[in-house]
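> One structure coming up, written as structure tokens, with questions to follow.
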Amino acid sequence: MAWAVSNEGKVHLTLLNSIAAQSIERLYEFDAQGLSTTAWSLATLGMRHTPLLDVLAAAAVARIDEIDAAQGLSNIVWSFARLAVENKPLFTASAAASVPWMSSLCPQALANTSWSFASILFEDRPLFDALSSQALPLLAQFSQQHLTNTVWAYAKVEYCNRPLLAAMAASAVNSIDKFPAQGVANSAWAFAKLLYVDFPFLDAIACRAQASLMDYSLQNLAMTAW
């Protein structure tokens with residue numbers, strides 16, 4: 001039901017609080033898909049219901065081996081990160097559980113997982129090594145958003161994988177016309193943060209920024225200049 005409410009795009013707080021209270025009582029009856037859907041619904045609604053999230057995290061950790069990392073686990077960690085909830089047991093267990101599944105992760109799941117862990121500054125070296133290894137041969141399938149989110153995530157946790165950064169820079173150059181102002185600013189900031197210099201990328205960023213300066217916010221301008 002929480003999924004239906006979130007898809008309606010309307011927030012009925014009384015109903016949601018009733019659903020949350022009932023879910024807390026029965027969450028351990030939920031299957032892996034139910035846990036993932038509940039987390040996604042809360043994040044989509046921006047509902048930071050701490051008691052429910054605490055029980056949800058504990059239930060996910062307890063059933064971590066049953067959750068498909070390519071979809072369910074990626075959704076759960078994304079949801080907690082989106083709500084800025086750093087549940088260390090959940091993220092620790094999710095990092096360990098995701099590595100064996102890495103070969104099944106698609107570009108969106110790779111980007112979302114990178115972003116989720118980085119946004120709460122949770123750096124797990126084995127996880128990011130595995131994410132990088134899986135991302136490298138799939139970069140041609142990455143959208144502009146996937147590229148931007150991934151390089152931003154690596155910069156956020158100061159994880160520098162030079163072969164992947166080189167490939168991402170080349171990919172960004174080839175698709176720079178598709179980058180919005182925010183994407184240009186975030187990418188420029190990320191490469192600078194990682195002290196990675198790629199002159200073709202810098203030239204492409206400069207040309208793209210110059211052609212669309214009117215679309216830039218003050219923050220975008222500052223990040224690009226930085």
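Following the order of the structure tokens, first chain is A, next is B, and so on, with residues numbered from 1 inside each chain and ligands from 1 in the order they appear.
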Give me, as a list in words, all polymer residues having an atom no more than 10 Å from Glu25 of chain A, counting only C-alpha atoms and skipping those fewer than 4 positions away in the same chain.
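Counting only C-alpha atoms, the residues come to Ala20, Ala21, Glu29, Leu52 and Val55 of chain A.
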> Give me every helix (DSSP H, G or I) residue in chain A, going by DSSP on the backbone, as an MDAnalysis selection string.
chainID A and resid 2:8 13:29 32:45 50:62 64:66 69:82 88:104 107:119 125:141 144:156 162:174 176:178 181:193 199:211 213:215 218:225
> Counting only C-alpha atoms, which residue out of A:Asn174, A:Asn149, A:Ser114, A:Ser133 sits closest to Pro200 of chain A?
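Between A:Asn174, A:Asn149, A:Ser114, A:Ser133, the residue approaching Pro200 of chain A most closely is A:Asn174.
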> If we count only C-alpha atoms, what is near Cys207 of chain A at a cut-off of 10 Å, once residues fewer than 6 positions away on the same chain are taken out, given as a PyMOL selection string?
chain A and resi 176-177+201
> Please provide as a list in words all residues within 8 Å of segment 31-39 of chain A, with the sequence filter that same-chain residues fewer than 6 positions apart are discarded (counting only C-alpha atoms).
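Skipping anything fewer than 6 positions along the chain leaves Ala2, Trp3, Leu53, Leu56, Ala59, Ala60, Arg63, Glu66, Ile67, Asp68, Gly72, Leu73, Asn75, Ile76, Ser79 and Phe80 of chain A.
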